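Asks: Structure file protein35.txt (compact mmCIF, C-alpha atoms) is given on the next line.
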# COMPACT_ATOMS: atom_id res chain seq x y z
CA MET A 5 -58.77 -42.08 -76.71
CA ARG A 6 -60.53 -40.67 -79.76
CA LYS A 7 -60.67 -42.77 -82.90
CA THR A 8 -61.05 -41.65 -86.46
CA SER A 9 -60.71 -43.47 -89.76
CA MET A 10 -60.28 -42.62 -93.39
CA GLU A 11 -59.85 -44.09 -96.85
CA THR A 12 -56.52 -43.70 -98.59
CA HIS A 13 -56.50 -43.58 -102.37
CA ARG A 14 -53.12 -44.71 -103.63
CA ARG A 15 -50.57 -47.36 -102.73
CA GLN A 16 -48.29 -44.70 -101.30
CA GLN A 17 -49.69 -41.42 -100.12
CA MET A 18 -49.26 -38.61 -97.65
CA ALA A 19 -52.75 -37.80 -96.37
CA ASP A 20 -53.16 -34.49 -94.52
CA ILE A 21 -54.93 -35.28 -91.22
CA THR A 22 -54.32 -31.94 -89.49
CA GLU A 23 -57.96 -30.85 -89.41
CA ARG A 24 -59.36 -34.11 -88.06
CA VAL A 25 -56.70 -34.25 -85.34
CA GLN A 26 -57.35 -30.60 -84.52
CA ALA A 27 -61.04 -31.43 -84.13
CA ALA A 28 -60.25 -34.36 -81.82
CA VAL A 29 -58.03 -32.15 -79.68
CA GLU A 30 -60.66 -29.43 -79.43
CA ALA A 31 -63.29 -32.00 -78.49
CA ALA A 32 -61.04 -33.25 -75.69
CA GLY A 33 -61.31 -29.84 -74.09
CA ILE A 34 -57.89 -29.42 -72.50
CA GLU A 35 -56.11 -26.09 -72.49
CA GLN A 36 -52.47 -27.11 -72.23
CA GLY A 37 -50.69 -30.41 -72.71
CA LEU A 38 -49.81 -33.11 -75.20
CA ALA A 39 -51.62 -34.80 -78.07
CA VAL A 40 -50.37 -38.16 -79.30
CA VAL A 41 -51.44 -39.19 -82.80
CA TYR A 42 -51.10 -42.91 -83.39
CA ALA A 43 -51.57 -45.22 -86.40
CA PRO A 44 -52.51 -48.75 -85.22
CA HIS A 45 -50.98 -50.23 -88.38
CA THR A 46 -47.68 -51.79 -89.47
CA THR A 47 -47.54 -50.48 -93.05
CA ALA A 48 -48.46 -46.85 -92.36
CA GLY A 49 -47.03 -44.08 -90.23
CA ILE A 50 -47.57 -40.57 -88.92
CA THR A 51 -45.28 -37.63 -89.67
CA VAL A 52 -45.10 -33.86 -89.57
CA ASN A 53 -43.89 -31.98 -92.63
CA GLU A 54 -44.71 -29.12 -95.00
CA GLY A 55 -48.19 -29.11 -96.48
CA THR A 56 -48.22 -25.95 -98.58
CA ASP A 57 -46.28 -27.26 -101.58
CA PRO A 58 -47.55 -30.76 -102.56
CA HIS A 59 -44.14 -31.33 -104.18
CA VAL A 60 -42.75 -31.93 -100.71
CA GLU A 61 -45.08 -34.88 -100.19
CA ARG A 62 -44.09 -36.24 -103.59
CA ASP A 63 -40.38 -35.88 -102.80
CA ILE A 64 -40.80 -37.73 -99.50
CA LEU A 65 -42.65 -40.61 -101.17
CA ALA A 66 -40.23 -40.76 -104.12
CA THR A 67 -37.17 -40.78 -101.84
CA LEU A 68 -38.66 -43.48 -99.62
CA ALA A 69 -39.39 -45.51 -102.78
CA GLN A 70 -35.77 -45.19 -103.90
CA LEU A 71 -34.38 -46.16 -100.50
CA VAL A 72 -36.80 -49.05 -99.94
CA PRO A 73 -38.02 -50.24 -103.35
CA THR A 74 -41.34 -52.05 -103.57
CA ASP A 75 -39.83 -54.69 -105.83
CA GLY A 76 -36.70 -55.24 -103.74
CA SER A 77 -35.64 -58.67 -102.55
CA TYR A 78 -37.56 -59.43 -99.35
CA ALA A 79 -38.31 -62.47 -97.21
CA HIS A 80 -41.90 -61.51 -96.27
CA ALA A 81 -44.08 -62.86 -99.07
CA GLU A 82 -47.05 -60.50 -98.99
CA GLY A 83 -45.63 -57.94 -101.42
CA ASN A 84 -45.70 -55.14 -98.87
CA SER A 85 -42.33 -55.59 -97.19
CA ASP A 86 -41.24 -52.14 -98.31
CA ALA A 87 -44.20 -50.65 -96.46
CA HIS A 88 -43.23 -52.41 -93.20
CA VAL A 89 -39.70 -51.03 -93.44
CA LYS A 90 -40.94 -47.53 -94.26
CA ALA A 91 -43.33 -47.66 -91.29
CA THR A 92 -40.34 -48.13 -88.98
CA LEU A 93 -38.34 -45.36 -90.71
CA VAL A 94 -41.23 -42.86 -90.62
CA GLY A 95 -42.57 -43.95 -87.21
CA ASN A 96 -46.15 -44.80 -86.35
CA SER A 97 -46.92 -41.89 -84.04
CA VAL A 98 -46.09 -38.28 -83.32
CA THR A 99 -46.46 -36.27 -80.14
CA LEU A 100 -47.64 -32.70 -80.50
CA MET A 101 -48.21 -29.90 -78.02
CA VAL A 102 -51.56 -28.39 -77.17
CA ASN A 103 -51.63 -24.69 -76.39
CA GLU A 104 -54.79 -22.71 -75.51
CA GLY A 105 -56.89 -25.67 -76.56
CA ARG A 106 -55.39 -26.10 -80.00
CA LEU A 107 -52.52 -28.01 -81.64
CA ALA A 108 -49.31 -25.98 -81.47
CA LEU A 109 -47.75 -26.37 -84.92
CA GLY A 110 -44.94 -24.48 -86.62
CA THR A 111 -45.88 -22.07 -89.40
CA TRP A 112 -45.38 -24.58 -92.22
CA GLN A 113 -46.17 -27.76 -90.32
CA ARG A 114 -49.00 -30.09 -91.22
CA LEU A 115 -49.73 -33.54 -89.89
CA PHE A 116 -49.76 -36.50 -92.29
CA LEU A 117 -50.75 -40.11 -92.35
CA PHE A 118 -48.09 -41.88 -94.40
CA GLU A 119 -49.78 -44.65 -96.38
CA GLY A 120 -47.35 -47.36 -97.48
CA ASP A 121 -49.68 -50.11 -98.69
CA GLY A 122 -52.95 -48.58 -99.83
CA PRO A 123 -55.51 -47.92 -100.90
CA ARG A 124 -57.38 -49.05 -97.80
CA ARG A 125 -59.20 -47.89 -94.70
CA ARG A 126 -56.82 -46.54 -92.06
CA ARG A 127 -57.45 -45.67 -88.44
CA VAL A 128 -55.88 -42.83 -86.47
CA TRP A 129 -56.07 -42.64 -82.69
CA VAL A 130 -55.64 -39.43 -80.70
CA GLU A 131 -55.04 -39.21 -76.96
CA VAL A 132 -54.47 -35.99 -75.02
CA VAL A 133 -52.99 -35.42 -71.60
CA ASN A 134 -53.34 -32.25 -69.61
CA SER A 135 -50.13 -30.68 -68.36
CA ARG A 136 -52.02 -28.52 -65.85
CA PRO A 137 -54.36 -30.90 -64.14
CA MET B 7 -44.88 -24.87 -73.03
CA ARG B 8 -41.40 -23.42 -72.77
CA LYS B 9 -39.81 -21.93 -75.86
CA THR B 10 -36.15 -21.52 -76.65
CA SER B 11 -34.34 -20.57 -79.83
CA MET B 12 -30.84 -20.77 -81.23
CA GLU B 13 -28.72 -20.03 -84.27
CA THR B 14 -27.35 -22.92 -86.30
CA HIS B 15 -24.08 -22.40 -88.12
CA ARG B 16 -23.93 -24.79 -91.06
CA ARG B 17 -26.32 -26.14 -93.66
CA GLN B 18 -26.36 -29.49 -91.92
CA GLN B 19 -25.52 -29.77 -88.27
CA MET B 20 -26.20 -31.68 -85.09
CA ALA B 21 -26.53 -29.05 -82.35
CA ASP B 22 -26.35 -30.34 -78.78
CA ILE B 23 -29.37 -28.93 -76.93
CA THR B 24 -29.17 -31.09 -73.81
CA GLU B 25 -28.33 -28.28 -71.40
CA ARG B 26 -31.04 -25.91 -72.56
CA VAL B 27 -33.67 -28.64 -72.42
CA GLN B 28 -32.41 -29.69 -68.99
CA ALA B 29 -32.82 -26.08 -67.84
CA ALA B 30 -36.37 -25.93 -69.20
CA VAL B 31 -37.26 -29.17 -67.41
CA GLU B 32 -35.81 -27.95 -64.12
CA ALA B 33 -37.69 -24.67 -64.46
CA ALA B 34 -40.92 -26.61 -64.93
CA GLY B 35 -40.49 -28.02 -61.43
CA ILE B 36 -41.94 -31.50 -61.78
CA GLU B 37 -40.37 -34.48 -60.05
CA GLN B 38 -41.48 -37.37 -62.24
CA GLY B 39 -42.96 -37.53 -65.70
CA LEU B 40 -42.34 -36.85 -69.36
CA ALA B 41 -40.62 -34.08 -71.31
CA VAL B 42 -41.44 -33.64 -74.98
CA VAL B 43 -38.91 -31.72 -77.07
CA TYR B 44 -40.37 -30.40 -80.30
CA ALA B 45 -38.96 -28.58 -83.35
CA PRO B 46 -41.72 -26.46 -84.99
CA HIS B 47 -39.95 -26.76 -88.35
CA THR B 48 -40.16 -28.91 -91.48
CA THR B 49 -36.46 -29.03 -92.38
CA ALA B 50 -35.07 -29.80 -88.92
CA GLY B 51 -35.57 -32.55 -86.37
CA ILE B 52 -34.80 -33.71 -82.85
CA THR B 53 -32.85 -36.85 -82.02
CA VAL B 54 -30.99 -38.60 -79.21
CA ASN B 55 -27.53 -39.99 -79.89
CA GLU B 56 -23.95 -40.06 -78.60
CA GLY B 57 -22.37 -36.71 -77.85
CA THR B 58 -18.94 -37.68 -76.55
CA ASP B 59 -17.26 -38.41 -79.88
CA PRO B 60 -18.12 -35.70 -82.45
CA HIS B 61 -17.37 -38.28 -85.15
CA VAL B 62 -20.77 -39.82 -84.43
CA GLU B 63 -22.50 -36.58 -85.39
CA ARG B 64 -20.42 -36.41 -88.56
CA ASP B 65 -21.27 -40.02 -89.46
CA ILE B 66 -24.98 -39.37 -88.99
CA LEU B 67 -24.90 -36.28 -91.21
CA ALA B 68 -22.70 -37.94 -93.85
CA THR B 69 -24.92 -41.02 -94.03
CA LEU B 70 -28.07 -38.91 -94.29
CA ALA B 71 -26.39 -36.95 -97.09
CA GLN B 72 -25.61 -40.16 -98.97
CA LEU B 73 -29.14 -41.52 -98.55
CA VAL B 74 -30.88 -38.25 -99.40
CA PRO B 75 -28.50 -36.14 -101.49
CA THR B 76 -28.94 -32.38 -101.54
CA ASP B 77 -28.53 -32.29 -105.31
CA GLY B 78 -30.90 -35.21 -106.00
CA SER B 79 -33.79 -34.93 -108.42
CA TYR B 80 -36.72 -33.38 -106.54
CA ALA B 81 -40.04 -31.77 -107.42
CA HIS B 82 -40.00 -29.09 -104.69
CA ALA B 83 -38.11 -26.15 -106.19
CA GLU B 84 -36.66 -24.46 -103.10
CA GLY B 85 -33.39 -26.41 -103.03
CA ASN B 86 -34.09 -27.90 -99.61
CA SER B 87 -36.09 -31.00 -100.53
CA ASP B 88 -33.46 -33.23 -98.99
CA ALA B 89 -33.96 -31.46 -95.66
CA HIS B 90 -37.73 -32.09 -95.75
CA VAL B 91 -37.16 -35.81 -96.35
CA LYS B 92 -34.53 -36.01 -93.61
CA ALA B 93 -36.88 -34.25 -91.18
CA THR B 94 -39.37 -37.09 -91.64
CA LEU B 95 -36.66 -39.76 -91.30
CA VAL B 96 -35.17 -38.21 -88.14
CA GLY B 97 -38.49 -37.07 -86.67
CA ASN B 98 -39.31 -33.63 -85.33
CA SER B 99 -39.68 -34.49 -81.65
CA VAL B 100 -38.51 -36.82 -78.93
CA THR B 101 -40.12 -37.81 -75.67
CA LEU B 102 -37.84 -38.16 -72.66
CA MET B 103 -38.42 -39.17 -69.08
CA VAL B 104 -38.04 -36.91 -66.08
CA ASN B 105 -36.76 -38.47 -62.88
CA GLU B 106 -36.17 -36.58 -59.61
CA GLY B 107 -36.64 -33.31 -61.46
CA ARG B 108 -34.08 -33.97 -64.17
CA LEU B 109 -33.97 -35.52 -67.65
CA ALA B 110 -33.36 -39.26 -67.44
CA LEU B 111 -30.79 -39.99 -70.13
CA GLY B 112 -28.63 -43.03 -70.78
CA THR B 113 -24.91 -42.78 -69.99
CA TRP B 114 -23.89 -41.76 -73.50
CA GLN B 115 -27.08 -40.02 -74.58
CA ARG B 116 -27.27 -36.39 -75.55
CA LEU B 117 -30.12 -34.52 -77.17
CA PHE B 118 -29.61 -32.91 -80.58
CA LEU B 119 -31.35 -30.53 -82.90
CA PHE B 120 -30.78 -31.88 -86.40
CA GLU B 121 -30.38 -28.91 -88.75
CA GLY B 122 -31.09 -29.81 -92.37
CA ASP B 123 -31.27 -26.41 -94.05
CA GLY B 124 -29.20 -23.92 -92.08
CA PRO B 125 -27.68 -21.74 -91.03
CA ARG B 126 -30.73 -20.07 -89.52
CA ARG B 127 -32.59 -19.37 -86.29
CA ARG B 128 -34.36 -22.45 -84.96
CA ARG B 129 -36.91 -22.79 -82.21
CA VAL B 130 -37.25 -25.68 -79.76
CA TRP B 131 -40.34 -26.16 -77.62
CA VAL B 132 -40.42 -28.16 -74.39
CA GLU B 133 -43.53 -29.37 -72.58
CA VAL B 134 -43.56 -31.48 -69.43
CA VAL B 135 -46.31 -33.57 -67.90
CA ASN B 136 -46.31 -34.86 -64.37
CA SER B 137 -46.86 -38.59 -63.93
CA ARG B 138 -47.68 -38.14 -60.22
CA PRO B 139 -50.16 -35.29 -60.17
CA MET C 9 -40.37 -44.99 -64.17
CA ARG C 10 -40.16 -48.76 -64.46
CA LYS C 11 -36.92 -50.32 -65.61
CA THR C 12 -36.39 -53.64 -67.27
CA SER C 13 -33.37 -55.19 -68.95
CA MET C 14 -32.61 -58.05 -71.30
CA GLU C 15 -29.85 -59.79 -73.20
CA THR C 16 -29.77 -59.53 -76.96
CA HIS C 17 -28.26 -62.41 -78.91
CA ARG C 18 -27.03 -61.11 -82.24
CA ARG C 19 -25.30 -58.02 -83.55
CA GLN C 20 -28.52 -56.86 -85.17
CA GLN C 21 -31.83 -58.06 -83.87
CA MET C 22 -35.47 -57.14 -83.41
CA ALA C 23 -36.40 -58.35 -79.91
CA ASP C 24 -40.12 -58.52 -79.14
CA ILE C 25 -40.66 -56.66 -75.85
CA THR C 26 -44.45 -56.42 -75.98
CA GLU C 27 -45.12 -58.69 -73.01
CA ARG C 28 -42.65 -57.08 -70.66
CA VAL C 29 -43.92 -53.60 -71.53
CA GLN C 30 -47.50 -54.82 -71.10
CA ALA C 31 -46.56 -56.11 -67.63
CA ALA C 32 -44.99 -52.77 -66.70
CA VAL C 33 -48.10 -50.90 -67.84
CA GLU C 34 -50.40 -53.20 -65.88
CA ALA C 35 -48.24 -52.82 -62.78
CA ALA C 36 -48.54 -49.04 -63.09
CA GLY C 37 -52.27 -49.38 -62.56
CA ILE C 38 -53.65 -46.58 -64.73
CA GLU C 39 -56.83 -47.01 -66.74
CA GLN C 40 -56.36 -44.52 -69.54
CA GLY C 41 -53.35 -42.61 -70.79
CA LEU C 42 -49.95 -42.89 -72.40
CA ALA C 43 -47.03 -45.28 -72.05
CA VAL C 44 -43.61 -44.18 -73.22
CA VAL C 45 -41.08 -46.91 -73.94
CA TYR C 46 -37.51 -45.65 -73.96
CA ALA C 47 -34.11 -47.21 -74.74
CA PRO C 48 -31.34 -45.37 -72.82
CA HIS C 49 -28.82 -46.32 -75.49
CA THR C 50 -27.27 -44.78 -78.61
CA THR C 51 -26.92 -47.93 -80.74
CA ALA C 52 -30.38 -49.38 -80.16
CA GLY C 53 -33.94 -48.18 -80.69
CA ILE C 54 -37.60 -48.93 -80.12
CA THR C 55 -40.12 -49.50 -82.88
CA VAL C 56 -43.59 -50.89 -83.57
CA ASN C 57 -44.08 -53.33 -86.42
CA GLU C 58 -45.54 -56.69 -87.35
CA GLY C 59 -44.59 -59.63 -85.15
CA THR C 60 -46.53 -62.52 -86.67
CA ASP C 61 -44.25 -63.20 -89.63
CA PRO C 62 -40.58 -63.17 -88.53
CA HIS C 63 -39.70 -62.36 -92.15
CA VAL C 64 -40.78 -58.79 -91.49
CA GLU C 65 -38.12 -58.41 -88.80
CA ARG C 66 -35.54 -59.87 -91.17
CA ASP C 67 -36.56 -57.51 -93.97
CA ILE C 68 -36.27 -54.51 -91.66
CA LEU C 69 -32.78 -55.52 -90.50
CA ALA C 70 -31.62 -56.41 -94.03
CA THR C 71 -32.86 -53.11 -95.47
CA LEU C 72 -31.25 -51.11 -92.68
CA ALA C 73 -28.00 -53.02 -93.36
CA GLN C 74 -28.16 -52.10 -97.03
CA LEU C 75 -28.88 -48.44 -96.35
CA VAL C 76 -26.29 -48.08 -93.57
CA PRO C 77 -23.65 -50.78 -94.08
CA THR C 78 -21.61 -51.91 -91.09
CA ASP C 79 -18.41 -51.74 -93.11
CA GLY C 80 -19.10 -48.32 -94.65
CA SER C 81 -16.62 -45.47 -94.42
CA TYR C 82 -17.14 -43.76 -91.05
CA ALA C 83 -15.23 -41.30 -88.89
CA HIS C 84 -16.16 -42.85 -85.52
CA ALA C 85 -13.54 -45.54 -84.87
CA GLU C 86 -15.42 -47.99 -82.66
CA GLY C 87 -16.81 -50.14 -85.48
CA ASN C 88 -20.42 -49.40 -84.55
CA SER C 89 -21.06 -46.21 -86.49
CA ASP C 90 -23.79 -47.90 -88.50
CA ALA C 91 -25.65 -48.67 -85.28
CA HIS C 92 -25.54 -45.01 -84.18
CA VAL C 93 -27.02 -43.90 -87.51
CA LYS C 94 -29.68 -46.61 -87.39
CA ALA C 95 -30.62 -45.58 -83.85
CA THR C 96 -31.47 -42.11 -85.15
CA LEU C 97 -33.41 -43.50 -88.13
CA VAL C 98 -35.42 -45.95 -86.00
CA GLY C 99 -35.76 -43.65 -82.99
CA ASN C 100 -35.02 -44.52 -79.38
CA SER C 101 -38.55 -44.40 -78.00
CA VAL C 102 -42.19 -44.90 -78.88
CA THR C 103 -45.32 -43.54 -77.27
CA LEU C 104 -48.27 -45.89 -76.97
CA MET C 105 -51.76 -45.49 -75.66
CA VAL C 106 -53.18 -47.21 -72.62
CA ASN C 107 -56.83 -48.20 -72.72
CA GLU C 108 -58.68 -50.00 -69.90
CA GLY C 109 -55.37 -50.65 -68.18
CA ARG C 110 -53.65 -52.27 -71.15
CA LEU C 111 -51.53 -51.22 -74.12
CA ALA C 112 -53.71 -50.26 -77.06
CA LEU C 113 -52.04 -51.87 -80.08
CA GLY C 114 -53.28 -52.46 -83.60
CA THR C 115 -54.17 -56.02 -84.59
CA TRP C 116 -50.76 -56.83 -86.05
CA GLN C 117 -48.64 -54.52 -83.95
CA ARG C 118 -45.89 -55.70 -81.65
CA LEU C 119 -43.29 -53.66 -79.84
CA PHE C 120 -39.60 -54.26 -80.59
CA LEU C 121 -36.22 -53.33 -79.24
CA PHE C 122 -34.02 -52.76 -82.27
CA GLU C 123 -30.52 -53.98 -81.41
CA GLY C 124 -27.85 -52.43 -83.61
CA ASP C 125 -24.63 -53.40 -81.84
CA GLY C 126 -25.21 -56.59 -79.87
CA PRO C 127 -25.11 -58.99 -78.34
CA ARG C 128 -25.22 -57.17 -75.03
CA ARG C 129 -27.41 -56.27 -72.08
CA ARG C 130 -29.99 -53.62 -72.96
CA ARG C 131 -32.26 -51.61 -70.72
CA VAL C 132 -35.80 -50.49 -71.48
CA TRP C 133 -37.58 -47.83 -69.43
CA VAL C 134 -41.36 -47.44 -69.27
CA GLU C 135 -43.22 -44.42 -67.92
CA VAL C 136 -47.00 -43.99 -67.90
CA VAL C 137 -49.11 -40.90 -67.50
CA ASN C 138 -52.78 -40.88 -66.69
CA SER C 139 -55.04 -38.93 -69.02
CA ARG C 140 -57.88 -38.94 -66.48
CA PRO C 141 -56.23 -37.93 -63.22
Mind turning this structure into structure tokens?
Replies:
Amino acid sequence: MRKTSMETHRRQQMADITERVQAAVEAAGIEQGLAVVYAPHTTAGITVNEGTDPHVERDILATLAQLVPTDGSYAHAEGNSDAHVKATLVGNSVTLMVNEGRLALGTWQRLFLFEGDGPRRRRVWVEVVNSRP
Amino acid sequence: MRKTSMETHRRQQMADITERVQAAVEAAGIEQGLAVVYAPHTTAGITVNEGTDPHVERDILATLAQLVPTDGSYAHAEGNSDAHVKATLVGNSVTLMVNEGRLALGTWQRLFLFEGDGPRRRRVWVEVVNSRP
Amino acid sequence: MRKTSMETHRRQQMADITERVQAAVEAAGIEQGLAVVYAPHTTAGITVNEGTDPHVERDILATLAQLVPTDGSYAHAEGNSDAHVKATLVGNSVTLMVNEGRLALGTWQRLFLFEGDGPRRRRVWVEVVNSRP
């Protein structure tokens, strides 16, 4: 398992982690297989979406905020209940494919850490498995 | 990695891809392990749900449309912002188990490509890893 | 593949399955790799979230109930359409990492079966793959 960490800068944010995950996959040295990207948190997630137009990230965050408002009526008293719910909706990991030693992504796909309760330090774990051992 | 592609027929659709993924898994020739099914897109996803009653597919699409309306107020100017958001909510891959050379699905489970911005040609990638190498 | 099953006790519930999945992973006897946890159902899911404060589970269920009401207008006539939609939003599996023979979870993370249409008997499947074969 390879571990990396980063600072997020806003309460809610989509942070592009494609390059650091790519680097972890290349360092693992497999040719063909899977790469799992995992956030060991309960108020953050991992997702794949478009990274070219930053409006897409904004629309994702704004829609999540409408569906699960920060100031909604919640039982959990820490003020971050919305982020827990969003973490379950977004999911806390993604599984990607590795092809010829690199992440196999679609043309427009980038990999994001979804931050739901920042700013703070977040960790991302990457594990690869070889499909041609 | 095995690649397949298909045409979708409506703007929003749940396309049953169970048989083509089953065929890819059988062609891979492993007995026991995992099969990852991946959509290399940012306005489509992959999900498991009931396939017997087509009303379930309709309810999923209708609910997603209520939660994330196509004509909502979005920053991204391509008219498909809702599909980007839905792709993150649905997720762009699933991981299934392979048992005795075939997909291990629950009694009512079928595998679907969620189309959020069709009709268009969509690709689905399948990678298997052997748990008994 | 290791199979386990359990009774849920309410229509909607977050059931902590961390210990039973931990036991399945330890029984599998790998040191390093992945563990996939899979619900072979279409009205239940698997998710990772906080388990220390039970209010978090309640907030997740209450928010899902607001977004996808049980008594909404649905085409599927079995009275559990909301649970099908929630299963797709939550997702029916998670992929975790195995480190030194045990599940690698974040400090606050616990693993949950999301029950959307209980009470009933639910099955959970666990498969592990070794990343250092």
Asks: When you count all atoms listed in the file, which of these residues is closest to chain A: C:Gly80, C:Gly114, C:Gly37, C:Gly87?
Replies: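 For chain A, the nearest of the given residues is C:Gly114.
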Asks: So, counting all atoms listed in the file, which residue among A:Phe118, A:Gln16, A:Leu65, A:Leu109 is closest to B:Ala45?
Replies: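 Answer, going by the shortest atom-to-atom distance: A:Leu109.
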Asks: Could you jot down the atom CA of C:Met105 to atom CA of A:Arg24 separation for me, Å, one decimal place?
Replies: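 One can read the atom CA of C:Met105 to atom CA of A:Arg24 distance as 18.5 Å.
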Asks: Looking at A:Met18, A:Glu23, A:Arg6, A:Val40, which one is nearest to B:Val100, with distances taken over only C-alpha atoms?
Replies: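 Smallest distance to B:Val100 is found for A:Val40.
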Asks: What gap, in Å, lies between atom CA of B:Asn136 and atom CA of C:Ile25?
Replies: 25.3 Å
Asks: One number please: atom CA of C:Ala31 to atom CA of B:Ser137, in Å, one decimal.
Replies: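 Taking atom CA of C:Ala31 as the start and atom CA of B:Ser137 as the end point, the length is 17.9 Å.
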Asks: Grab all the atoms of stretch 112-126 of chain A that the file lists, wrap them in a box along x, y and z, add 3 Å per side, and give me centre plus edge lengths in Å (one decimal) as AutoDock Vina command-line options.
Replies:
--center_x -52.3 --center_y -37.3 --center_z -95.4 --size_x 19.8 --size_y 31.5 --size_z 17.0
Asks: I want to know what sits within 6 Å of stretch 48-64 of chain B, based on only C-alpha atoms, with residues of the same chain fewer than 3 positions away left out; could you give that as a list in words?
Replies: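 Counting only C-alpha atoms, the residues come to Asn53 and Glu54 of chain A; Leu67, Ala68, Ala89, His90, Ala93, Val96, Gly97, Asn98, Ser99, Trp114, Gln115, Arg116, Leu117, Phe118, Leu119, Phe120, Glu121 and Gly122 of chain B; Thr50, Ala83 and His84 of chain C.
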Asks: Determine the nearest neighbour of chain B from the options A:Ala31, A:Val25, A:Leu107, A:Met10, counting all atoms listed in the file.
Replies: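 Counting all atoms listed in the file, the residue closest to chain B is A:Leu107.
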Asks: Considering all atoms listed in the file, can you say which of A:Pro73, A:Lys90, A:Met5, A:Thr67 comes closest to C:Gln40?
Replies: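 Once distances to C:Gln40 are computed over all atoms listed in the file, the minimum belongs to A:Met5.
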Asks: Can you list, as an MDAnalysis selection string, every protein, DNA or RNA residue that comes within 8 Å of A:Val132 when you count all atoms listed in the file, leaving out same-chain residues fewer than 6 positions away?
Replies: (chainID A and resid 5 29 32 34 37:40) or (chainID C and resid 41 139)
Asks: Between A:Asp63, A:Glu131, A:Asp121, A:Glu104, which residue has the minimum interatomic distance to chain B, considering all atoms listed in the file?
Replies: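 For chain B, the nearest of the given residues is A:Asp63.
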